[in-house]
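This report concerns only the one structure given below.
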Amino acid sequence: MMNKKNDGCAALSEQIFSAYRSRIYGYIHSKGVPFSDRDDIFSEIISKALVYEARYDSEKCSLSTWIYMICRSVVVNYFKKQRPEQPLDEALPSDFKLEYGIEYEAQLQELAQSLSRLPERERKIIVLRFYRDMEYGGIAKAMNLTETNVRKICARAIGKLKESMTGGD
């Protein structure tokens, strides 16, 4: 049993390394990761793919979509670690108005409520497109829809969100 699992891991890692190596490096490059850190990021992506291999379900999404989600997660975490922390008084510009922050928070709450009122399929497409930053083609594969249908559903959902948030103006 253990050998089959190890063989599966080796097969998956080999498949990822050979089939997706250039795409992973291209993604890392496109996100502005410094050249000196790209090999480390690539290694972390492969490691995470191996660790989470048991969670991969080809019924839910394609291997390329699954790898993309891992890549995105690793790159986002990389940049979060790179961000220097600043004390609050230095982080806010001198002309910052607290009311704007409060208003922004209220708008986020309103958006969350509007999003929760969407039908599940529309809500899922909005989340995958804007929160997970997936392309329409990847969403279409993950949800077993055509790309054109995903675009239409997304546009319809955005229209509903705008109408809900502007009160139909």
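The way I read the labels, and the way they are meant: chains A, B, ... in the order of the structure tokens, residue 1 as the first residue of every chain, and ligand 1 as the first ligand shown, with later ones counted on from there.
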
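Residues in contact range of segment 107-122 of chain A, defined as at most 8 Å between only C-alpha atoms, with sequence neighbours fewer than 3 positions away removed, read A:Glu103, A:Tyr104, A:Ile125, A:Ile126, A:Ile153, A:Cys154, A:Ala157, A:Lys160, A:Leu161, A:Ser164, A:Met165.
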
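Going from atom CA of Met143 of chain A to atom CA of Arg55 of chain A covers 17.4 Å.
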
Q. Can you list every residue in segment 5-168 of chain A that DSSP puts in alpha helix (DSSP H), as a PyMOL selection string?
A. chain A and resi 5-30+35-51+63-82+88-91+98-117+120-126+136-143+147-166

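Counting from atom CA of Ile158 of chain A, the distance to atom CA of Val75 of chain A is 27.6 Å.
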
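Using only C-alpha atoms, the nearest neighbour of Ile46 of chain A within the list A:Ala106, A:Cys61, A:Ile24, A:Val33 is A:Ile24.
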
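Closest to Arg38 of chain A among A:Gln15, A:Thr166, A:Cys71, A:Asp133 is A:Cys71, based on only C-alpha atoms.
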
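Atom CA of Tyr56 of chain A to atom CA of Lys80 of chain A spans 25.4 Å [interatomic distance, one decimal].
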
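Restricting the calculation to only C-alpha atoms, the smallest distance between Ile41 of chain A and any of A:Leu145, A:Val76, A:Val127, A:Met69 is found for A:Val76.
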
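Here the question is which of A:Tyr25, A:Tyr78, A:Trp66, A:Tyr52 gets nearest to Asp39 of chain A using only C-alpha atoms, and that residue is A:Tyr25.
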
(Q) I want to know what sits within 10 Å of Thr65 of chain A, based on only C-alpha atoms, with residues of the same chain fewer than 6 positions away left out; could you give that as a count of residues only? (A) 9
